[in-house]
Amino acid sequence: MIATFVATFGIGIATYIAIADSGGGSPVCLAGGSGCETVANSTYSHLLGVNIAIFGIAGYVLLLAASLLRGDFARMAGFGLALGGFGYSVYLTYLELFKIEAICQWCVGSAVLMTILFGLNAIRMVGYVGRPA
Amino acid sequence: MSGKSARDARREERVRAESEGEGQARRKRLLQIASAAVFMAIVAVAVLIVVTGSKTDGGDTELEDTALVSRELKGIPQNGMVLGDPGAKVTLIEFGDLQCPVCKGFAEEIIPDVIDSKVRSGKAKVDFRNFTIISEESIPAGAAAIAAGKQGRGWSFIELFYRNQGLEASGYVTDAFLTEIAQGAGVHDIAQWNKDRKSAAVVAAVEGTSAEAQRLGFTGTPSFAVEGPGASGVETLGTPGSADQIESAIDSAAG
């Protein structure tokens, strides 16, 4: 299933950002530039003292679980989680563009994955919810 | 037999129709919940963006050049108030006052060249020391920089302060301004930073380096000195007029 693959990839990206931050550094931009450092150093990179990448890992793990389970609960939970993740990604992209004024390609990568997961979970929910597995 | 099986078939048909009806109702209810969730998510994101936008937009303390400072210092170690490889042979000492406009000019025009040519390569490190000459407000500003240095953000703080400097002794060095600079510089533990910057030891350190600058014969800011294997102790440079002069002094001090 595509959602399983995408969620696994998302766990990888979020884990990389979290590890890079915990080492006192910041993620390295593959194409050069310092966008990632600027974003990682900004006050928006932490929520209640916790790096938001940690929340990202938790979100992707739950989305992975939802993609592997069957039934309406998994469909609704997957949709709800992906909706929350997508909404928060929209907010973070807004912060990057208009507040931090720097773009981190890892964050953009995560936002793209979250958008794909939202699309897949929306199709799954609208197409199958309330119908037999 | 045929009558019984016809009855069974009718019952099965009825049960299937009922369960299909229940399924449809359940599906409708779940889709309604999902629609409500989408609506709430849109509202939540819109509220977050509006709240964040109004927090700093239009304020007279909105920070300038956060990204520029981050780029300038990227990848260079910061230890306390020292920028650069701790093992670098030459130490360039800058005695500055965060409120001083000439120091701001140096931070924008001269120091970036020195950082690129000598500090980034590991040839020299720069040690910022407070020399408070403008007004009393320079003391809490310098203490805030040292407190940021305790979290590895000393130079980020200094550079960001200079780029957002206000008019000398105009009262702009408030707790709110210093906190904004600290946050922009990437100081993670603001509570600890607040504790450190108000501690007697940190304030004494600001006063101590000011006294040291006077002992070296400096009367204005920024004033520079170099230390290294090719120098005899701390060699004073005064206020050099260009990055070239500082770079030559670093080369001589390297021996």
# chains A, B, ... in the order shown; residues from 1 in each chain; ligands from 1
$ residues_around --residues "region 65-74 of chain B" --least-positions-apart "2" --cutoff "7 Å" --atoms "only C-alpha atoms" --output "PDB file with N, CA and C atoms, in the first residue's frame"
ATOM      1  N   SER A  34      21.608  27.708   3.605  1.00  0.00           N
ATOM      2  CA  SER A  34      21.533  27.575   5.053  1.00  0.00           C
ATOM      3  C   SER A  34      20.100  27.608   5.551  1.00  0.00           C
ATOM      4  N   THR A  38      18.667  27.936   9.498  1.00  0.00           N
ATOM      5  CA  THR A  38      17.847  29.076   9.906  1.00  0.00           C
ATOM      6  C   THR A  38      16.521  28.600  10.490  1.00  0.00           C
TER       7      THR A  38
ATOM      8  N   LEU B  63      12.432  41.679  14.361  1.00  0.00           N
ATOM      9  CA  LEU B  63      13.855  41.506  14.109  1.00  0.00           C
ATOM     10  C   LEU B  63      14.217  41.574  12.636  1.00  0.00           C
ATOM     11  N   ILE B  76      30.298  27.587  12.200  1.00  0.00           N
ATOM     12  CA  ILE B  76      31.462  28.019  12.990  1.00  0.00           C
ATOM     13  C   ILE B  76      31.150  27.767  14.470  1.00  0.00           C
ATOM     14  N   SER B 156      25.772  34.725  17.902  1.00  0.00           N
ATOM     15  CA  SER B 156      24.485  34.929  17.208  1.00  0.00           C
ATOM     16  C   SER B 156      23.766  36.101  17.866  1.00  0.00           C
ATOM     17  N   GLU B 159      25.660  39.550  17.010  1.00  0.00           N
ATOM     18  CA  GLU B 159      25.452  39.965  15.613  1.00  0.00           C
ATOM     19  C   GLU B 159      24.013  40.393  15.362  1.00  0.00           C
ATOM     20  N   LEU B 160      23.077  39.678  15.969  1.00  0.00           N
ATOM     21  CA  LEU B 160      21.667  40.026  15.773  1.00  0.00           C
ATOM     22  C   LEU B 160      21.336  41.333  16.502  1.00  0.00           C
ATOM     23  N   ARG B 163      22.494  44.262  14.412  1.00  0.00           N
ATOM     24  CA  ARG B 163      21.659  44.497  13.237  1.00  0.00           C
ATOM     25  C   ARG B 163      20.272  45.021  13.594  1.00  0.00           C
ATOM     26  N   GLY B 184      15.598  35.110  18.672  1.00  0.00           N
ATOM     27  CA  GLY B 184      16.035  35.155  17.277  1.00  0.00           C
ATOM     28  C   GLY B 184      17.408  34.525  17.101  1.00  0.00           C
TER      29      GLY B 184
END
$ closest_atom_pairs --of "chain B" --to "chain A" --cutoff "10 Å" --atoms "only C-alpha atoms" --output "JSON lines"
{"residue": "B:Glu20", "atom": "CA", "partner": "A:Arg131", "partner_atom": "CA", "distance": 8.9}
{"residue": "B:Glu22", "atom": "CA", "partner": "A:Gly130", "partner_atom": "CA", "distance": 9.0}
{"residue": "B:Gly23", "atom": "CA", "partner": "A:Gly130", "partner_atom": "CA", "distance": 5.6}
{"residue": "B:Gln24", "atom": "CA", "partner": "A:Gly130", "partner_atom": "CA", "distance": 6.8}
{"residue": "B:Ala25", "atom": "CA", "partner": "A:Gly130", "partner_atom": "CA", "distance": 8.2}
{"residue": "B:Arg26", "atom": "CA", "partner": "A:Gly130", "partner_atom": "CA", "distance": 5.6}
{"residue": "B:Arg27", "atom": "CA", "partner": "A:Gly130", "partner_atom": "CA", "distance": 4.0}
{"residue": "B:Lys28", "atom": "CA", "partner": "A:Gly130", "partner_atom": "CA", "distance": 7.8}
{"residue": "B:Arg29", "atom": "CA", "partner": "A:Gly130", "partner_atom": "CA", "distance": 8.7}
{"residue": "B:Leu30", "atom": "CA", "partner": "A:Val129", "partner_atom": "CA", "distance": 7.2}
{"residue": "B:Leu31", "atom": "CA", "partner": "A:Val126", "partner_atom": "CA", "distance": 7.1}
{"residue": "B:Ile33", "atom": "CA", "partner": "A:Met76", "partner_atom": "CA", "distance": 9.1}
{"residue": "B:Ala34", "atom": "CA", "partner": "A:Met76", "partner_atom": "CA", "distance": 7.6}
{"residue": "B:Ala37", "atom": "CA", "partner": "A:Gly80", "partner_atom": "CA", "distance": 7.3}
{"residue": "B:Val38", "atom": "CA", "partner": "A:Leu83", "partner_atom": "CA", "distance": 7.1}
{"residue": "B:Met40", "atom": "CA", "partner": "A:Gly84", "partner_atom": "CA", "distance": 10.0}
{"residue": "B:Ala41", "atom": "CA", "partner": "A:Gly87", "partner_atom": "CA", "distance": 6.4}
{"residue": "B:Ile42", "atom": "CA", "partner": "A:Gly87", "partner_atom": "CA", "distance": 7.3}
{"residue": "B:Val43", "atom": "CA", "partner": "A:Gly87", "partner_atom": "CA", "distance": 9.8}
{"residue": "B:Ala44", "atom": "CA", "partner": "A:Gly87", "partner_atom": "CA", "distance": 8.2}
{"residue": "B:Val45", "atom": "CA", "partner": "A:Gly87", "partner_atom": "CA", "distance": 6.1}
{"residue": "B:Ala46", "atom": "CA", "partner": "A:Tyr91", "partner_atom": "CA", "distance": 8.4}
{"residue": "B:Leu48", "atom": "CA", "partner": "A:Tyr91", "partner_atom": "CA", "distance": 7.3}
{"residue": "B:Ile49", "atom": "CA", "partner": "A:Tyr91", "partner_atom": "CA", "distance": 6.6}
{"residue": "B:Thr52", "atom": "CA", "partner": "A:Leu95", "partner_atom": "CA", "distance": 8.5}
{"residue": "B:Gly53", "atom": "CA", "partner": "A:Lys99", "partner_atom": "CA", "distance": 8.0}
{"residue": "B:Thr56", "atom": "CA", "partner": "A:Lys99", "partner_atom": "CA", "distance": 8.9}
{"residue": "B:Asp57", "atom": "CA", "partner": "A:Lys99", "partner_atom": "CA", "distance": 9.2}
{"residue": "B:Asp65", "atom": "CA", "partner": "A:Glu101", "partner_atom": "CA", "distance": 9.8}
{"residue": "B:Thr66", "atom": "CA", "partner": "A:Thr38", "partner_atom": "CA", "distance": 7.9}
{"residue": "B:Ala67", "atom": "CA", "partner": "A:Thr38", "partner_atom": "CA", "distance": 5.9}
{"residue": "B:Leu68", "atom": "CA", "partner": "A:Thr38", "partner_atom": "CA", "distance": 9.0}
{"residue": "B:Val69", "atom": "CA", "partner": "A:Thr38", "partner_atom": "CA", "distance": 9.1}
{"residue": "B:Ser70", "atom": "CA", "partner": "A:Thr38", "partner_atom": "CA", "distance": 5.9}
{"residue": "B:Arg71", "atom": "CA", "partner": "A:Ser34", "partner_atom": "CA", "distance": 5.9}
{"residue": "B:Glu72", "atom": "CA", "partner": "A:Ser34", "partner_atom": "CA", "distance": 9.5}
{"residue": "B:Lys74", "atom": "CA", "partner": "A:Ser34", "partner_atom": "CA", "distance": 7.3}
{"residue": "B:Gly75", "atom": "CA", "partner": "A:Gly25", "partner_atom": "CA", "distance": 8.7}
{"residue": "B:Gly152", "atom": "CA", "partner": "A:Gly24", "partner_atom": "CA", "distance": 9.4}
{"residue": "B:Glu180", "atom": "CA", "partner": "A:Thr43", "partner_atom": "CA", "distance": 9.9}
{"residue": "B:Ala182", "atom": "CA", "partner": "A:Thr43", "partner_atom": "CA", "distance": 9.7}
{"residue": "B:Gln183", "atom": "CA", "partner": "A:Thr43", "partner_atom": "CA", "distance": 6.0}
{"residue": "B:Gly184", "atom": "CA", "partner": "A:Ser42", "partner_atom": "CA", "distance": 6.3}
{"residue": "B:Ala185", "atom": "CA", "partner": "A:Asn41", "partner_atom": "CA", "distance": 7.4}
{"residue": "B:Gly186", "atom": "CA", "partner": "A:Asn41", "partner_atom": "CA", "distance": 5.0}
{"residue": "B:Val187", "atom": "CA", "partner": "A:Asn41", "partner_atom": "CA", "distance": 8.4}
{"residue": "B:His188", "atom": "CA", "partner": "A:Thr43", "partner_atom": "CA", "distance": 7.7}
{"residue": "B:Asp189", "atom": "CA", "partner": "A:Gly49", "partner_atom": "CA", "distance": 8.1}
$ atom_distance --atom1 "CA of Ile115 (chain B)" --atom2 "CA of Cys103 (chain B)"
15.3 Å
$ residues_around --residues "region 88-102 of chain B" --least-positions-apart "2" --cutoff "6 Å" --atoms "only C-alpha atoms" --output "PyMOL selection string"
chain B and resi 85-86+104-105+122-132+168+221-228+254
$ residues_around --residues "Gly142 (chain B)" --least-positions-apart "6" --cutoff "12 Å" --atoms "only C-alpha atoms" --output "number ranges by chain"
B: 81, 95-100, 128-136, 148-149, 154-155, 157-158, 161-162, 173, 178, 196-198, 202-210
$ write_last_selection --atoms "C-alpha atoms" --output "compact mmCIF listing (two decimals), in the first residue's frame"
# COMPACT_ATOMS: atom_id res chain seq x y z
CA MET B 81 31.83 34.61 23.72
CA PHE B 95 36.21 45.08 22.97
CA GLY B 96 32.75 46.35 22.02
CA ASP B 97 29.64 47.99 23.35
CA LEU B 98 26.40 46.57 21.99
CA GLN B 99 24.87 50.05 21.92
CA CYS B 100 27.76 51.53 19.95
CA PHE B 128 34.08 39.41 22.16
CA ARG B 129 34.52 41.28 25.43
CA ASN B 130 32.16 43.94 26.69
CA PHE B 131 33.52 47.46 27.09
CA THR B 132 30.48 49.42 28.23
CA ILE B 133 30.93 53.09 27.46
CA ILE B 134 27.62 54.32 26.05
CA SER B 135 25.24 54.12 29.01
CA GLU B 136 24.05 51.95 31.89
CA ALA B 148 23.38 33.58 25.43
CA GLY B 149 27.02 32.47 25.17
CA GLY B 154 26.86 34.34 22.17
CA TRP B 155 27.92 35.48 18.70
CA PHE B 157 23.18 37.24 19.94
CA ILE B 158 25.84 39.93 19.39
CA PHE B 161 21.74 42.77 18.42
CA TYR B 162 23.94 44.97 16.22
CA VAL B 173 17.25 47.91 25.61
CA LEU B 178 16.64 41.41 24.76
CA ASP B 196 22.06 33.74 33.92
CA ARG B 197 21.87 37.29 32.58
CA LYS B 198 20.72 38.62 35.96
CA VAL B 202 27.65 37.57 34.70
CA VAL B 203 27.16 41.26 35.49
CA ALA B 204 30.59 41.24 37.18
CA ALA B 205 32.07 39.69 34.02
CA VAL B 206 30.75 42.64 31.96
CA GLU B 207 32.31 45.08 34.39
CA GLY B 208 35.52 43.04 34.53
CA THR B 209 36.16 43.17 30.77
CA SER B 210 35.36 46.90 30.72
$ select_by_dssp --residues "chain A" --states "strand (DSSP E)" --output "list in words"
His46, Leu47, Val50 and Asn51 of chain A
$ residues_around --residues "Leu68 (chain A)" --least-positions-apart "2" --cutoff "9 Å" --atoms "only C-alpha atoms" --output "mmCIF file with N, CA and C atoms, in the first residue's frame"
data_model
loop_
_atom_site.group_PDB
_atom_site.id
_atom_site.type_symbol
_atom_site.label_atom_id
_atom_site.label_comp_id
_atom_site.auth_asym_id
_atom_site.auth_seq_id
_atom_site.Cartn_x
_atom_site.Cartn_y
_atom_site.Cartn_z
ATOM 1 N N MET A 1 0.845 -1.208 0.000
ATOM 2 C CA MET A 1 0.000 0.000 0.000
ATOM 3 C C MET A 1 0.882 1.261 0.000
ATOM 4 N N ALA A 3 0.310 4.298 1.068
ATOM 5 C CA ALA A 3 0.322 5.076 2.311
ATOM 6 C C ALA A 3 1.347 4.515 3.302
ATOM 7 N N THR A 4 1.487 3.203 3.348
ATOM 8 C CA THR A 4 2.447 2.564 4.257
ATOM 9 C C THR A 4 3.868 3.004 3.901
ATOM 10 N N LEU A 63 0.174 7.125 11.553
ATOM 11 C CA LEU A 63 -0.353 7.013 10.183
ATOM 12 C C LEU A 63 0.045 5.680 9.550
ATOM 13 N N LEU A 64 1.259 5.226 9.903
ATOM 14 C CA LEU A 64 1.720 3.925 9.406
ATOM 15 C C LEU A 64 0.810 2.823 9.962
ATOM 16 N N ALA A 65 0.523 2.923 11.284
ATOM 17 C CA ALA A 65 -0.336 1.923 11.917
ATOM 18 C C ALA A 65 -1.721 1.930 11.282
ATOM 19 N N ALA A 66 -2.261 3.143 11.044
ATOM 20 C CA ALA A 66 -3.604 3.257 10.454
ATOM 21 C C ALA A 66 -3.637 2.645 9.056
ATOM 22 N N ARG A 70 -7.373 -2.501 9.331
ATOM 23 C CA ARG A 70 -8.583 -2.464 8.515
ATOM 24 C C ARG A 70 -9.744 -1.899 9.324
ATOM 25 N N ALA A 74 -9.859 2.530 11.653
ATOM 26 C CA ALA A 74 -8.562 2.824 11.035
ATOM 27 C C ALA A 74 -8.726 3.862 9.932
#
$ select_by_dssp --residues "region 78-240 of chain B" --states "helix (DSSP H, G or I)" --output "CSV table (one decimal) with N, CA and C atoms, in the first residue's frame"
chain,number,residue,atom,x,y,z
B,101,PRO,N,27.2,52.5,17.8
B,101,PRO,CA,26.9,52.5,16.4
B,101,PRO,C,28.1,52.2,15.5
B,102,VAL,N,29.3,52.6,16.0
B,102,VAL,CA,30.5,52.2,15.2
B,102,VAL,C,30.8,50.7,15.2
B,103,CYS,N,30.5,50.1,16.4
B,103,CYS,CA,30.6,48.7,16.5
B,103,CYS,C,29.6,48.0,15.6
B,104,LYS,N,28.5,48.5,15.4
B,104,LYS,CA,27.5,48.0,14.5
B,104,LYS,C,28.0,48.0,13.1
B,105,GLY,N,28.6,49.2,12.7
B,105,GLY,CA,29.3,49.3,11.4
B,105,GLY,C,30.3,48.3,11.2
B,106,PHE,N,31.2,48.0,12.2
B,106,PHE,CA,32.2,47.0,12.1
B,106,PHE,C,31.6,45.6,11.9
B,107,ALA,N,30.5,45.4,12.7
B,107,ALA,CA,29.8,44.1,12.6
B,107,ALA,C,29.3,43.8,11.2
B,108,GLU,N,28.9,44.9,10.6
B,108,GLU,CA,28.2,44.7,9.3
B,108,GLU,C,29.2,44.8,8.1
B,109,GLU,N,30.3,45.6,8.3
B,109,GLU,CA,31.2,45.8,7.1
B,109,GLU,C,32.5,45.1,7.2
B,111,ILE,N,33.9,42.9,10.2
B,111,ILE,CA,34.0,41.6,10.8
B,111,ILE,C,33.6,40.4,9.9
B,112,PRO,N,32.6,40.5,9.1
B,112,PRO,CA,32.2,39.4,8.2
B,112,PRO,C,33.4,39.0,7.3
B,113,ASP,N,34.2,39.9,6.8
B,113,ASP,CA,35.3,39.6,6.0
B,113,ASP,C,36.4,38.8,6.8
B,114,VAL,N,36.6,39.3,8.0
B,114,VAL,CA,37.6,38.6,8.9
B,114,VAL,C,37.1,37.2,9.2
B,115,ILE,N,35.8,37.1,9.5
B,115,ILE,CA,35.3,35.7,9.8
B,115,ILE,C,35.5,34.8,8.6
B,116,ASP,N,35.2,35.3,7.4
B,116,ASP,CA,35.3,34.5,6.2
B,116,ASP,C,36.8,34.1,5.9
B,117,SER,N,37.7,35.1,6.1
B,117,SER,CA,39.1,34.8,5.7
B,117,SER,C,39.9,34.1,6.8
B,118,LYS,N,39.6,34.4,8.0
B,118,LYS,CA,40.5,33.9,9.1
B,118,LYS,C,39.8,32.9,10.1
B,119,VAL,N,38.6,33.2,10.4
B,119,VAL,CA,37.9,32.4,11.4
B,119,VAL,C,37.4,31.1,10.9
B,138,SER,N,24.0,49.4,28.6
B,138,SER,CA,25.0,48.5,27.9
B,138,SER,C,25.3,47.4,28.8
B,139,ILE,N,25.2,47.5,30.1
B,139,ILE,CA,25.5,46.4,31.1
B,139,ILE,C,24.5,45.3,30.9
B,140,PRO,N,23.2,45.5,31.1
B,140,PRO,CA,22.3,44.4,30.9
B,140,PRO,C,22.4,43.8,29.5
B,141,ALA,N,22.7,44.6,28.5
B,141,ALA,CA,22.8,44.1,27.1
B,141,ALA,C,24.0,43.2,27.0
B,142,GLY,N,25.1,43.6,27.6
B,142,GLY,CA,26.3,42.7,27.6
B,142,GLY,C,26.1,41.5,28.4
B,143,ALA,N,25.4,41.6,29.5
B,143,ALA,CA,25.1,40.4,30.4
B,143,ALA,C,24.3,39.4,29.6
B,144,ALA,N,23.3,39.9,28.8
B,144,ALA,CA,22.4,39.1,28.1
B,144,ALA,C,23.2,38.3,27.0
B,145,ALA,N,24.2,39.0,26.4
B,145,ALA,CA,25.0,38.3,25.4
B,145,ALA,C,25.8,37.2,26.0
B,146,ILE,N,26.4,37.5,27.2
B,146,ILE,CA,27.2,36.4,27.9
B,146,ILE,C,26.3,35.2,28.3
B,147,ALA,N,25.1,35.5,28.7
B,147,ALA,CA,24.1,34.5,29.1
B,147,ALA,C,23.8,33.6,27.8
B,148,ALA,N,23.7,34.3,26.7
B,148,ALA,CA,23.4,33.6,25.4
B,148,ALA,C,24.6,32.7,25.1
B,149,GLY,N,25.8,33.2,25.4
B,149,GLY,CA,27.0,32.5,25.2
B,149,GLY,C,27.1,31.2,26.0
B,154,GLY,N,26.3,33.0,21.9
B,154,GLY,CA,26.9,34.3,22.2
B,154,GLY,C,27.0,35.2,20.9
B,155,TRP,N,27.7,34.7,19.9
B,155,TRP,CA,27.9,35.5,18.7
B,155,TRP,C,26.7,35.7,17.9
B,156,SER,N,25.8,34.7,17.9
B,156,SER,CA,24.5,34.9,17.2
B,156,SER,C,23.8,36.1,17.9
B,157,PHE,N,23.8,36.2,19.2
B,157,PHE,CA,23.2,37.2,19.9
B,157,PHE,C,23.8,38.6,19.6
B,158,ILE,N,25.1,38.7,19.7
B,158,ILE,CA,25.8,39.9,19.4
B,158,ILE,C,25.5,40.4,18.0
B,159,GLU,N,25.7,39.6,17.0
B,159,GLU,CA,25.5,40.0,15.6
B,159,GLU,C,24.0,40.4,15.4
B,160,LEU,N,23.1,39.7,16.0
B,160,LEU,CA,21.7,40.0,15.8
B,160,LEU,C,21.3,41.3,16.5
B,161,PHE,N,22.0,41.5,17.7
B,161,PHE,CA,21.7,42.8,18.4
B,161,PHE,C,22.2,44.0,17.6
B,162,TYR,N,23.4,43.9,17.0
B,162,TYR,CA,23.9,45.0,16.2
B,162,TYR,C,23.0,45.3,15.0
B,163,ARG,N,22.5,44.3,14.4
B,163,ARG,CA,21.7,44.5,13.2
B,163,ARG,C,20.3,45.0,13.6
B,175,ASP,N,13.7,44.4,28.6
B,175,ASP,CA,13.7,42.9,28.7
B,175,ASP,C,13.0,42.3,27.5
B,176,ALA,N,12.0,43.0,27.0
B,176,ALA,CA,11.3,42.4,25.8
B,176,ALA,C,12.2,42.4,24.6
B,177,PHE,N,13.0,43.5,24.4
B,177,PHE,CA,13.9,43.6,23.3
B,177,PHE,C,15.0,42.5,23.4
B,178,LEU,N,15.6,42.4,24.6
B,178,LEU,CA,16.6,41.4,24.8
B,178,LEU,C,16.1,40.0,24.6
B,179,THR,N,14.9,39.7,25.0
B,179,THR,CA,14.3,38.4,24.9
B,179,THR,C,14.1,38.1,23.4
B,180,GLU,N,13.6,39.1,22.7
B,180,GLU,CA,13.4,38.9,21.3
B,180,GLU,C,14.7,38.5,20.5
B,181,ILE,N,15.8,39.3,20.9
B,181,ILE,CA,17.1,39.0,20.3
B,181,ILE,C,17.5,37.6,20.6
B,182,ALA,N,17.4,37.2,21.9
B,182,ALA,CA,17.8,35.9,22.4
B,182,ALA,C,17.0,34.8,21.6
B,183,GLN,N,15.7,35.0,21.5
B,183,GLN,CA,14.9,34.0,20.7
B,183,GLN,C,15.4,33.9,19.3
B,184,GLY,N,15.6,35.1,18.7
B,184,GLY,CA,16.0,35.2,17.3
B,184,GLY,C,17.4,34.5,17.1
B,185,ALA,N,18.2,34.6,18.2
B,185,ALA,CA,19.6,34.1,18.1
B,185,ALA,C,19.6,32.5,18.3
B,190,ILE,N,15.1,29.9,27.5
B,190,ILE,CA,15.0,31.3,27.8
B,190,ILE,C,14.9,31.5,29.3
B,191,ALA,N,14.3,30.5,30.1
B,191,ALA,CA,14.2,30.7,31.5
B,191,ALA,C,15.7,30.7,32.1
B,192,GLN,N,16.5,29.8,31.6
B,192,GLN,CA,17.9,29.7,32.1
B,192,GLN,C,18.7,30.9,31.7
B,193,TRP,N,18.4,31.4,30.5
B,193,TRP,CA,19.1,32.6,30.0
B,193,TRP,C,18.7,33.8,30.9
B,194,ASN,N,17.4,33.9,31.3
B,194,ASN,CA,17.0,35.0,32.1
B,194,ASN,C,17.7,34.9,33.5
B,195,LYS,N,17.9,33.7,34.0
B,195,LYS,CA,18.5,33.5,35.3
B,195,LYS,C,20.0,33.9,35.2
B,196,ASP,N,20.6,33.5,34.1
B,196,ASP,CA,22.1,33.7,33.9
B,196,ASP,C,22.3,35.2,33.7
B,197,ARG,N,21.5,35.9,32.9
B,197,ARG,CA,21.9,37.3,32.6
B,197,ARG,C,21.7,38.2,33.8
B,200,ALA,N,24.9,37.7,39.5
B,200,ALA,CA,25.9,38.7,39.9
B,200,ALA,C,27.2,38.4,39.1
B,201,ALA,N,27.5,37.1,38.9
B,201,ALA,CA,28.8,36.7,38.3
B,201,ALA,C,28.8,37.2,36.8
B,202,VAL,N,27.7,37.1,36.1
B,202,VAL,CA,27.6,37.6,34.7
B,202,VAL,C,27.8,39.1,34.6
B,203,VAL,N,27.1,39.8,35.5
B,203,VAL,CA,27.2,41.3,35.5
B,203,VAL,C,28.6,41.7,35.9
B,204,ALA,N,29.2,40.9,36.8
B,204,ALA,CA,30.6,41.2,37.2
B,204,ALA,C,31.5,41.0,36.0
B,205,ALA,N,31.2,40.0,35.2
B,205,ALA,CA,32.1,39.7,34.0
B,205,ALA,C,32.0,40.9,33.0
B,206,VAL,N,30.9,41.5,32.9
B,206,VAL,CA,30.8,42.6,32.0
B,206,VAL,C,31.6,43.8,32.5
B,207,GLU,N,31.5,44.0,33.8
B,207,GLU,CA,32.3,45.1,34.4
B,207,GLU,C,33.8,44.8,34.4
B,208,GLY,N,34.1,43.5,34.5
B,208,GLY,CA,35.5,43.0,34.5
B,208,GLY,C,36.2,43.3,33.2
B,209,THR,N,35.5,43.0,32.1
B,209,THR,CA,36.2,43.2,30.8
B,209,THR,C,36.2,44.7,30.4
B,210,SER,N,35.3,45.4,31.0
B,210,SER,CA,35.4,46.9,30.7
B,210,SER,C,36.6,47.5,31.4
B,211,ALA,N,36.9,47.0,32.6
B,211,ALA,CA,38.1,47.4,33.4
B,211,ALA,C,39.3,47.0,32.6
B,212,GLU,N,39.3,45.8,32.1
B,212,GLU,CA,40.4,45.2,31.3
B,212,GLU,C,40.7,46.1,30.1
B,213,ALA,N,39.7,46.5,29.4
B,213,ALA,CA,39.9,47.4,28.2
B,213,ALA,C,40.6,48.7,28.7
B,214,GLN,N,40.1,49.2,29.8
B,214,GLN,CA,40.8,50.5,30.3
B,214,GLN,C,42.2,50.3,30.7
B,215,ARG,N,42.5,49.1,31.3
B,215,ARG,CA,43.9,48.8,31.6
B,215,ARG,C,44.8,48.7,30.4
$ atom_distance --atom1 "CA of Gly109 (chain A)" --atom2 "CA of Val47 (chain B)"
24.5 Å
$ residues_around --residues "region 13-17 of chain A" --least-positions-apart "4" --cutoff "8 Å" --atoms "only C-alpha atoms" --output "compact mmCIF listing (two decimals) with C-alpha atoms, in the first residue's frame"
# COMPACT_ATOMS: atom_id res chain seq x y z
CA PHE A 9 9.54 7.54 4.43
CA ASP A 21 18.74 18.78 16.28
CA SER A 26 20.79 21.32 12.37
CA PRO A 27 19.81 19.37 9.26
CA ALA A 53 10.17 16.68 14.52
CA ILE A 54 9.41 14.45 17.54
CA GLY A 56 6.28 14.43 13.36
CA ILE A 57 7.73 10.99 14.14
CA TRP A 106 13.58 18.53 4.74
CA GLY A 109 9.80 17.11 1.92
CA SER A 110 7.78 16.27 5.00
